[in-house]
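Asks: Have a look at this one before I ask anything.
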Amino acid sequence: MLTNRPRGVNDILPGDVEKWQWIERTARDVCRRFNVSEIRTPIFEHTELFTRGVGETTDIVEKEMYSFQDRGERSLTLRPEGTASAVRAFVENKMHAQPQPTKLFYIGPMFRYERPQAGRYRQFHQFGAEVIGVNDPSVDAEIIALAMTFFTELGLKNITLEINSVGSPESREVYRNVLREHLAPVKDQLCKDCQSRYDRNPMRILDCKVDACKQLIVNPPFMLDHLTEEDTTHFAQVREYLDSFGVDYKVNPRMVRGLDYYTQTAFEFIESGSTLSGGGRYNGMVQQLGGPDLSGIGFAVGIERVLIALQNQAVQVPLETGIDVFLVALGEAAQKRSVTLLQELRTTGLVADKDYLGKSMKAQMKAADRLKARQVVLLGDDELAAGIANVKNMETGEQVSVPLSELVEKLQQKL
Ligand code: ATP
Ligand code: MG
């Protein structure tokens, strides 16, 4: 027990963590260019935020939440997604009093009680972005373009963008009944979940992953054919903007995102059959969470799935490797001096390390090799007494003698 991590969570170790840092750096960099600011919200929130904000009939809320009572007997939940928290923070901090839109992004862990498998974990990580306060269809296209830019900058290819309109609440009201009517003859043969969805949220039946349900649902009526005029216009304009941005997409009228809060535009980014990211508009949520009637749109990318895609496509992740300087010290006085020398090197910005175990010269050189040091400083008691050190360029093998007083400067120049 003590040395096993809980099911569905991962350690991210050195060697891998550099890839994560690069992905996060890319996300931050792209957001900066889109003038989207970072927001950091708590890892846990009142459970009610998610039941109300995400919706009672979503898988997340029905069966995936990590909820617990704290010592004050409040029900808290480890955040299963980022949008509800971002909107909560927007309302609570009265960001709506500022000129709109508010553009936010977040990167961090999310928690869902799911059956762990490849690309599906209980603690996973998302990068997400949200634009609150503007309903213009150009914003829908812009947020989609942001996600696409992120994938492109990572060097990912063949990412399919699927879009749909899931309509406004008015459109859905009508469509739900059309769909119920269509499904009525097969209702009793649907899976248990779908039978309960039939009354509560029949659109989710189209999203069911159970094979039997998939086969029962032939030629269902689509939301797209039952949109209000306003929804139809909005969707047409989103498509026009995407066309003018040169972003390729496929309209998928079957797509129903798993979250109840989506209105109008919904979209997914897919790579080799795996969904890397999902998003959409959530025009009712700000008000639902106690704020003014403002619209919102956003997406969330699963970082673990991005890593799988990078691996599938054999993308070379640009990693910084090696260190600038390794200090090889022999003798007691030299060992002592190397401690302060190391500090001097590091404060000037060099990446530097040394041996700590009083190893032999040969073993220390081996360590320098293992760390891919570009320069090695050889310091013995004799050199120290003479006020010099030998510097070996590990690439060329060339070795020069340098006065200690000029050592730091010389090493810096070599880079
Ligand atoms: P799925 O249909 O795969 O369960 P979802 O609709 O629940 O996805 P969202 O809530 O839209 O997913 O989350 C956005 C993205 O976060 C997903 O596209 C996926 O990349 C990632 N994601 C969601 N759940 C997990 C998980 N349990 N483990 C790893 N990544 C996840
Ligand atoms: Mg899910």
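Ordering of the structure tokens sets the chain letters (A, B, ...); residue numbers start at 1 within each chain; ligands are numbered from 1 in the order shown.
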Quick one: everything within 10 Å of A:Arg120, counting only C-alpha atoms, minus sequence neighbours fewer than 2 positions away in the same chain. Send it as a ChimeraX atom specification.
Replies: /A:8-9,112,114-118,122-124,302,304-305
Asks: Just list the residues in stretch 125-342 of chain A DSSP gives helix (DSSP H, G or I) on the backbone, as a VMD selection string.
Replies: chain A and resid 137 to 153 169 to 189 192 to 200 202 to 207 211 to 216 223 to 226 229 to 245 285 to 288 303 to 312 332 to 342
Asks: Quick one: distance from atom CA of A:Thr26 to atom CA of A:Leu242 in Å, one decimal?
Replies: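 Spanning atom CA of A:Thr26 to atom CA of A:Leu242 is a straight-line distance of 22.3 Å.
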Asks: Residues contacting ligand 2 - anything with an atom at most 12 Å away, using only C-alpha atoms and all ligand atoms - can you give me those as a PyMOL selection string?
Replies: chain A and resi 58-65+80-81+110-116+119-122+124+207-209+257-259+275-278+302
Asks: Those selected residues, please, written with N, CA and C atoms and delivered as a short mmCIF file (atom, residue, chain, number, x, y, z; two decimals), in the first residue's frame.
Replies:
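The file below, selection.cif, is the result:
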```
data_model
loop_
_atom_site.label_atom_id
_atom_site.label_comp_id
_atom_site.auth_asym_id
_atom_site.auth_seq_id
_atom_site.Cartn_x
_atom_site.Cartn_y
_atom_site.Cartn_z
N THR A 58 -25.28 14.79 -16.44
CA THR A 58 -24.03 14.45 -17.13
C THR A 58 -23.38 13.26 -16.42
N ASP A 59 -22.59 12.49 -17.19
CA ASP A 59 -21.85 11.37 -16.59
C ASP A 59 -20.98 11.88 -15.45
N ILE A 60 -20.35 13.02 -15.70
CA ILE A 60 -19.42 13.56 -14.70
C ILE A 60 -20.10 13.67 -13.35
N VAL A 61 -21.31 14.26 -13.35
CA VAL A 61 -21.98 14.51 -12.08
C VAL A 61 -22.68 13.25 -11.56
N GLU A 62 -23.25 12.48 -12.48
CA GLU A 62 -23.99 11.30 -12.04
C GLU A 62 -23.10 10.25 -11.41
N LYS A 63 -21.91 10.02 -12.01
CA LYS A 63 -21.15 8.90 -11.49
C LYS A 63 -19.64 9.07 -11.41
N GLU A 64 -19.12 10.27 -11.72
CA GLU A 64 -17.67 10.38 -11.77
C GLU A 64 -17.05 11.31 -10.73
N MET A 65 -17.87 11.94 -9.90
CA MET A 65 -17.29 12.95 -9.02
C MET A 65 -16.59 12.38 -7.79
N PRO A 80 -13.90 18.20 -11.45
CA PRO A 80 -13.86 17.25 -12.56
C PRO A 80 -13.60 17.94 -13.90
N GLU A 81 -13.70 19.25 -13.93
CA GLU A 81 -13.49 20.03 -15.15
C GLU A 81 -13.26 21.47 -14.75
N MET A 110 -7.49 17.48 -13.12
CA MET A 110 -8.93 17.29 -12.95
C MET A 110 -9.13 15.87 -12.43
N PHE A 111 -10.27 15.62 -11.80
CA PHE A 111 -10.47 14.33 -11.14
C PHE A 111 -11.81 13.73 -11.51
N ARG A 112 -11.79 12.51 -12.02
CA ARG A 112 -13.05 11.84 -12.33
C ARG A 112 -12.91 10.37 -11.99
N TYR A 113 -13.93 9.85 -11.33
CA TYR A 113 -13.92 8.44 -10.98
C TYR A 113 -14.37 7.65 -12.20
N GLU A 114 -13.39 7.22 -13.01
CA GLU A 114 -13.69 6.48 -14.23
C GLU A 114 -12.90 5.19 -14.22
N ARG A 115 -13.27 4.25 -15.10
CA ARG A 115 -12.50 3.02 -15.19
C ARG A 115 -11.21 3.33 -15.93
N PRO A 116 -10.06 3.18 -15.25
CA PRO A 116 -8.81 3.59 -15.89
C PRO A 116 -8.49 2.71 -17.10
N GLY A 119 -5.29 6.49 -21.88
CA GLY A 119 -5.88 7.81 -22.15
C GLY A 119 -7.05 8.16 -21.26
N ARG A 120 -7.30 7.35 -20.24
CA ARG A 120 -8.40 7.65 -19.32
C ARG A 120 -7.93 7.38 -17.89
N TYR A 121 -7.85 8.42 -17.11
CA TYR A 121 -7.30 8.30 -15.76
C TYR A 121 -8.24 8.95 -14.76
N ARG A 122 -7.93 8.76 -13.49
CA ARG A 122 -8.77 9.36 -12.44
C ARG A 122 -8.26 10.75 -12.06
N PHE A 124 -6.33 13.45 -14.23
CA PHE A 124 -5.76 13.77 -15.55
C PHE A 124 -5.62 15.28 -15.61
N ASP A 207 -25.30 9.87 -27.84
CA ASP A 207 -23.89 9.87 -27.45
C ASP A 207 -23.53 8.55 -26.75
N CYS A 208 -24.51 7.64 -26.61
CA CYS A 208 -24.28 6.43 -25.82
C CYS A 208 -23.22 5.56 -26.48
N LYS A 209 -22.33 4.99 -25.62
CA LYS A 209 -21.22 4.22 -26.18
C LYS A 209 -21.54 2.72 -26.22
N ARG A 257 -22.13 16.73 -26.99
CA ARG A 257 -21.08 16.75 -25.99
C ARG A 257 -21.65 16.23 -24.67
N GLY A 258 -20.77 15.65 -23.86
CA GLY A 258 -21.22 15.02 -22.62
C GLY A 258 -21.70 15.98 -21.55
N LEU A 259 -21.46 17.26 -21.73
CA LEU A 259 -21.82 18.20 -20.67
C LEU A 259 -23.14 18.88 -20.99
N THR A 275 -10.55 11.47 -28.82
CA THR A 275 -10.90 12.88 -28.68
C THR A 275 -9.85 13.58 -27.81
N LEU A 276 -9.16 14.53 -28.41
CA LEU A 276 -8.14 15.27 -27.67
C LEU A 276 -8.77 16.40 -26.89
N SER A 277 -9.85 16.95 -27.45
CA SER A 277 -10.41 18.15 -26.85
C SER A 277 -11.87 18.29 -27.21
N GLY A 278 -12.63 18.82 -26.29
CA GLY A 278 -14.04 19.10 -26.55
C GLY A 278 -14.36 20.49 -26.05
N GLY A 302 -7.28 17.42 -23.24
CA GLY A 302 -6.69 16.45 -22.33
C GLY A 302 -5.20 16.31 -22.63
#
```
Asks: To one decimal place, how far is atom CA of A:Ala184 from atom CA of A:Ala212 in Å?
Replies: 15.7 Å
Asks: In terms of the shortest atom-to-atom distance over only C-alpha atoms and all ligand atoms, which of A:Gln215, A:Gln98, A:Asn177, A:Ser274 is closest to ligand 1?
Replies: A:Ser274
Asks: Let's see if you can do this: from backbone DSSP, list all strand (DSSP E or B) residues in stretch 249-304 of chain A, as a ChimeraX atom specification.
Replies: /A:250-251,263-271,274-281,296-302
Asks: Identify, on the basis of only C-alpha atoms, every residue whose closest approach to A:Gln237 does not exceed 12 Å; exclude the query and any residue fewer than 3 positions from it along the same chain; express the result as a ChimeraX atom specification.
Replies: /A:135-141,165,230-234,240-244,264-265
Asks: With a distance cut-off of 9 Å and only C-alpha atoms, select the neighbouring residues of A:Leu179, excluding the residue or stretch itself and same-chain residues fewer than 2 positions from it, and output the selection as a ChimeraX atom specification.
Replies: /A:174-177,181-184,202-203,220-223
Asks: Skipping near chain neighbours, those fewer than 4 positions away, what residues fall within 6 Å of A:Leu104 using only C-alpha atoms, listed as JSON, numbers by chain?
Replies: {"A": [36, 37, 38, 129, 130]}
Asks: With only C-alpha atoms as the atoms that count, which of A:Asn252, A:Thr228, A:Gln21, A:Asn219 lies nearest to A:Ile163?
Replies: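 For A:Ile163, the nearest of the candidates is A:Asn252.
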Asks: Could you please determine the separation between atom CA of A:Gln375 and atom CA of A:Ser401 in Å, to one decimal place?
Replies: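 Taking atom CA of A:Gln375 as the start and atom CA of A:Ser401 as the end point, the length is 12.8 Å.
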Asks: Mind checking which residues fall within 9 Å of A:Phe90, counting only C-alpha atoms, ignoring those fewer than 4 positions away in the same chain, and posting them as a list in words?
Replies: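 Here the answer would be Ser85, Ala86, Lys94, Met95, His96, Thr102, Ile132, Val286 and Gly291 of chain A.
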Asks: Those residues with all heavy atoms, as a PDB file, in the first residue's frame please?
Replies:
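Written out: result_39.pdb:
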```pdb
ATOM      1  N   SER A  85     -15.594  26.192 -12.534  1.00  0.00           N
ATOM      2  CA  SER A  85     -14.762  26.969 -11.600  1.00  0.00           C
ATOM      3  C   SER A  85     -14.406  28.334 -12.184  1.00  0.00           C
ATOM      4  O   SER A  85     -14.434  29.344 -11.470  1.00  0.00           O
ATOM      5  CB  SER A  85     -13.468  26.219 -11.285  1.00  0.00           C
ATOM      6  OG  SER A  85     -13.746  24.957 -10.729  1.00  0.00           O
ATOM      7  N   ALA A  86     -14.063  28.368 -13.453  1.00  0.00           N
ATOM      8  CA  ALA A  86     -13.698  29.640 -14.086  1.00  0.00           C
ATOM      9  C   ALA A  86     -14.887  30.598 -14.048  1.00  0.00           C
ATOM     10  O   ALA A  86     -14.736  31.782 -13.733  1.00  0.00           O
ATOM     11  CB  ALA A  86     -13.230  29.415 -15.519  1.00  0.00           C
ATOM     12  N   LYS A  94     -16.567  39.408  -9.535  1.00  0.00           N
ATOM     13  CA  LYS A  94     -17.222  40.497 -10.278  1.00  0.00           C
ATOM     14  C   LYS A  94     -16.434  40.925 -11.509  1.00  0.00           C
ATOM     15  O   LYS A  94     -16.284  42.112 -11.804  1.00  0.00           O
ATOM     16  CB  LYS A  94     -17.453  41.699  -9.358  1.00  0.00           C
ATOM     17  CG  LYS A  94     -18.336  41.359  -8.168  1.00  0.00           C
ATOM     18  CD  LYS A  94     -18.960  42.590  -7.544  1.00  0.00           C
ATOM     19  CE  LYS A  94     -20.009  42.228  -6.525  1.00  0.00           C
ATOM     20  NZ  LYS A  94     -19.633  41.139  -5.588  1.00  0.00           N
ATOM     21  N   MET A  95     -15.913  39.947 -12.213  1.00  0.00           N
ATOM     22  CA  MET A  95     -15.174  40.283 -13.430  1.00  0.00           C
ATOM     23  C   MET A  95     -16.116  40.811 -14.504  1.00  0.00           C
ATOM     24  O   MET A  95     -15.683  41.439 -15.460  1.00  0.00           O
ATOM     25  CB  MET A  95     -14.398  39.047 -13.923  1.00  0.00           C
ATOM     26  CG  MET A  95     -13.297  38.652 -12.952  1.00  0.00           C
ATOM     27  SD  MET A  95     -12.632  37.000 -13.250  1.00  0.00           S
ATOM     28  CE  MET A  95     -11.334  37.372 -14.391  1.00  0.00           C
ATOM     29  N   HIS A  96     -17.420  40.573 -14.313  1.00  0.00           N
ATOM     30  CA  HIS A  96     -18.398  41.092 -15.277  1.00  0.00           C
ATOM     31  C   HIS A  96     -18.519  42.605 -15.209  1.00  0.00           C
ATOM     32  O   HIS A  96     -19.066  43.233 -16.106  1.00  0.00           O
ATOM     33  CB  HIS A  96     -19.774  40.431 -15.082  1.00  0.00           C
ATOM     34  CG  HIS A  96     -20.195  40.335 -13.649  1.00  0.00           C
ATOM     35  ND1 HIS A  96     -20.733  41.388 -12.971  1.00  0.00           N
ATOM     36  CD2 HIS A  96     -20.120  39.299 -12.771  1.00  0.00           C
ATOM     37  CE1 HIS A  96     -20.988  41.007 -11.719  1.00  0.00           C
ATOM     38  NE2 HIS A  96     -20.629  39.745 -11.570  1.00  0.00           N
ATOM     39  N   THR A 102     -14.077  38.647 -21.257  1.00  0.00           N
ATOM     40  CA  THR A 102     -13.053  38.164 -20.340  1.00  0.00           C
ATOM     41  C   THR A 102     -12.502  36.880 -20.946  1.00  0.00           C
ATOM     42  O   THR A 102     -13.254  35.952 -21.220  1.00  0.00           O
ATOM     43  CB  THR A 102     -13.675  37.877 -18.961  1.00  0.00           C
ATOM     44  OG1 THR A 102     -14.266  39.088 -18.486  1.00  0.00           O
ATOM     45  CG2 THR A 102     -12.624  37.405 -17.969  1.00  0.00           C
ATOM     46  N   ILE A 132     -15.687  34.753 -22.022  1.00  0.00           N
ATOM     47  CA  ILE A 132     -16.981  35.046 -21.420  1.00  0.00           C
ATOM     48  C   ILE A 132     -17.407  36.461 -21.809  1.00  0.00           C
ATOM     49  O   ILE A 132     -16.568  37.365 -21.875  1.00  0.00           O
ATOM     50  CB  ILE A 132     -16.902  34.916 -19.868  1.00  0.00           C
ATOM     51  CG1 ILE A 132     -16.363  33.524 -19.504  1.00  0.00           C
ATOM     52  CG2 ILE A 132     -18.270  35.145 -19.222  1.00  0.00           C
ATOM     53  CD1 ILE A 132     -16.097  33.340 -18.019  1.00  0.00           C
ATOM     54  N   VAL A 286     -23.345  31.423 -16.807  1.00  0.00           N
ATOM     55  CA  VAL A 286     -22.991  32.553 -15.949  1.00  0.00           C
ATOM     56  C   VAL A 286     -24.193  32.932 -15.084  1.00  0.00           C
ATOM     57  O   VAL A 286     -24.074  33.115 -13.864  1.00  0.00           O
ATOM     58  CB  VAL A 286     -22.493  33.763 -16.774  1.00  0.00           C
ATOM     59  CG1 VAL A 286     -22.099  34.913 -15.851  1.00  0.00           C
ATOM     60  CG2 VAL A 286     -21.324  33.365 -17.662  1.00  0.00           C
ATOM     61  N   GLY A 291     -24.610  34.974 -11.823  1.00  0.00           N
ATOM     62  CA  GLY A 291     -24.111  36.193 -12.464  1.00  0.00           C
ATOM     63  C   GLY A 291     -25.119  36.770 -13.424  1.00  0.00           C
ATOM     64  O   GLY A 291     -26.248  36.276 -13.510  1.00  0.00           O
TER      65      GLY A 291
END
```
Asks: Find the spatial neighbours of A:Val54, counting only C-alpha atoms, within a cut-off of 7 Å - ignore same-chain residues fewer than 2 positions away - and output them as a PDB file with all heavy atoms, in the first residue's frame.
Replies:
```
ATOM      1  N   PHE A  50     -20.742  22.012  -9.200  1.00  0.00           N
ATOM      2  CA  PHE A  50     -20.722  21.109 -10.354  1.00  0.00           C
ATOM      3  C   PHE A  50     -22.102  20.532 -10.639  1.00  0.00           C
ATOM      4  O   PHE A  50     -22.464  20.359 -11.799  1.00  0.00           O
ATOM      5  CB  PHE A  50     -19.675  20.015 -10.144  1.00  0.00           C
ATOM      6  CG  PHE A  50     -18.307  20.585  -9.915  1.00  0.00           C
ATOM      7  CD1 PHE A  50     -17.659  20.439  -8.695  1.00  0.00           C
ATOM      8  CD2 PHE A  50     -17.679  21.311 -10.922  1.00  0.00           C
ATOM      9  CE1 PHE A  50     -16.410  21.003  -8.489  1.00  0.00           C
ATOM     10  CE2 PHE A  50     -16.427  21.870 -10.725  1.00  0.00           C
ATOM     11  CZ  PHE A  50     -15.798  21.717  -9.498  1.00  0.00           C
ATOM     12  N   THR A  51     -22.886  20.234  -9.599  1.00  0.00           N
ATOM     13  CA  THR A  51     -24.223  19.704  -9.872  1.00  0.00           C
ATOM     14  C   THR A  51     -25.056  20.762 -10.602  1.00  0.00           C
ATOM     15  O   THR A  51     -25.755  20.462 -11.560  1.00  0.00           O
ATOM     16  CB  THR A  51     -24.943  19.269  -8.583  1.00  0.00           C
ATOM     17  OG1 THR A  51     -24.882  20.333  -7.639  1.00  0.00           O
ATOM     18  CG2 THR A  51     -24.299  18.047  -7.987  1.00  0.00           C
ATOM     19  N   ARG A  52     -24.875  22.013 -10.187  1.00  0.00           N
ATOM     20  CA  ARG A  52     -25.628  23.088 -10.833  1.00  0.00           C
ATOM     21  C   ARG A  52     -24.985  23.534 -12.136  1.00  0.00           C
ATOM     22  O   ARG A  52     -25.647  23.722 -13.148  1.00  0.00           O
ATOM     23  CB  ARG A  52     -25.693  24.299  -9.889  1.00  0.00           C
ATOM     24  CG  ARG A  52     -26.661  24.147  -8.764  1.00  0.00           C
ATOM     25  CD  ARG A  52     -27.923  24.931  -9.063  1.00  0.00           C
ATOM     26  NE  ARG A  52     -27.614  26.362  -9.134  1.00  0.00           N
ATOM     27  CZ  ARG A  52     -27.932  27.227  -8.194  1.00  0.00           C
ATOM     28  NH1 ARG A  52     -28.599  26.834  -7.143  1.00  0.00           N
ATOM     29  NH2 ARG A  52     -27.608  28.500  -8.323  1.00  0.00           N
ATOM     30  N   ALA A  84     -16.747  25.303 -14.922  1.00  0.00           N
ATOM     31  CA  ALA A  84     -17.616  25.758 -13.824  1.00  0.00           C
ATOM     32  C   ALA A  84     -16.814  26.614 -12.837  1.00  0.00           C
ATOM     33  O   ALA A  84     -17.299  27.655 -12.369  1.00  0.00           O
ATOM     34  CB  ALA A  84     -18.260  24.566 -13.123  1.00  0.00           C
ATOM     35  N   LEU A 259     -21.465  17.255 -21.727  1.00  0.00           N
ATOM     36  CA  LEU A 259     -21.819  18.199 -20.668  1.00  0.00           C
ATOM     37  C   LEU A 259     -23.142  18.883 -20.994  1.00  0.00           C
ATOM     38  O   LEU A 259     -23.370  19.303 -22.120  1.00  0.00           O
ATOM     39  CB  LEU A 259     -20.701  19.240 -20.520  1.00  0.00           C
ATOM     40  CG  LEU A 259     -19.327  18.620 -20.264  1.00  0.00           C
ATOM     41  CD1 LEU A 259     -18.213  19.642 -20.455  1.00  0.00           C
ATOM     42  CD2 LEU A 259     -19.252  18.046 -18.863  1.00  0.00           C
ATOM     43  N   ASP A 260     -24.001  18.971 -19.990  1.00  0.00           N
ATOM     44  CA  ASP A 260     -25.335  19.540 -20.213  1.00  0.00           C
ATOM     45  C   ASP A 260     -25.325  21.010 -20.594  1.00  0.00           C
ATOM     46  O   ASP A 260     -26.254  21.505 -21.195  1.00  0.00           O
ATOM     47  CB  ASP A 260     -26.162  19.449 -18.912  1.00  0.00           C
ATOM     48  CG  ASP A 260     -26.688  18.045 -18.686  1.00  0.00           C
ATOM     49  OD1 ASP A 260     -26.459  17.193 -19.564  1.00  0.00           O
ATOM     50  OD2 ASP A 260     -27.316  17.821 -17.639  1.00  0.00           O
ATOM     51  N   TYR A 261     -24.269  21.703 -20.214  1.00  0.00           N
ATOM     52  CA  TYR A 261     -24.354  23.154 -20.300  1.00  0.00           C
ATOM     53  C   TYR A 261     -24.181  23.732 -21.699  1.00  0.00           C
ATOM     54  O   TYR A 261     -24.371  24.913 -21.915  1.00  0.00           O
ATOM     55  CB  TYR A 261     -23.407  23.828 -19.315  1.00  0.00           C
ATOM     56  CG  TYR A 261     -21.939  23.422 -19.359  1.00  0.00           C
ATOM     57  CD1 TYR A 261     -21.154  23.584 -20.481  1.00  0.00           C
ATOM     58  CD2 TYR A 261     -21.330  22.923 -18.203  1.00  0.00           C
ATOM     59  CE1 TYR A 261     -19.812  23.258 -20.475  1.00  0.00           C
ATOM     60  CE2 TYR A 261     -19.979  22.596 -18.191  1.00  0.00           C
ATOM     61  CZ  TYR A 261     -19.226  22.769 -19.331  1.00  0.00           C
ATOM     62  OH  TYR A 261     -17.898  22.448 -19.312  1.00  0.00           O
TER      63      TYR A 261
END
```
Asks: So which one's closest to ligand 1, A:Ala309, A:Ile144, A:Leu294, A:Leu49? Using only C-alpha atoms and all ligand atoms, please.
Replies: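 Of all the options, A:Ala309 lies closest to ligand 1.
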Asks: Using only C-alpha atoms, which residues of stretch 263-366 of chain A come within 12 Å of stretch 386-399 of chain A, and what is the closest atom pair for each, with the distance in Å to one decimal? Give it as CSV, sorted by chain and residue number.
Replies:
```
residue,atom,partner,partner_atom,distance
A:Gly322,CA,A:Met394,CA,11.4
A:Ile323,CA,A:Met394,CA,11.3
A:Asp324,CA,A:Met394,CA,10.3
A:Val325,CA,A:Val391,CA,9.5
A:Phe326,CA,A:Val391,CA,9.9
A:Leu327,CA,A:Val391,CA,9.4
A:Val328,CA,A:Asn390,CA,9.8
A:Ala329,CA,A:Ala389,CA,9.9
A:Leu330,CA,A:Ala389,CA,11.5
A:Ala334,CA,A:Ala389,CA,10.0
A:Arg337,CA,A:Gly387,CA,11.3
A:Ser338,CA,A:Ala389,CA,10.8
A:Leu341,CA,A:Ala389,CA,11.2
A:Met365,CA,A:Met394,CA,10.1
A:Lys366,CA,A:Met394,CA,11.6
```
Asks: With distances taken over only C-alpha atoms, which of A:Val131, A:Asn93, A:Pro14, A:Val339 is nearest to A:Asn283?
Replies: A:Val131
Asks: Using only C-alpha atoms and all ligand atoms, which residue out of A:Gly331, A:Gly108, A:Gly167, A:Pro253 lies closest to ligand 1?
Replies: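 Among A:Gly331, A:Gly108, A:Gly167, A:Pro253, it is A:Gly108 that comes nearest to ligand 1.
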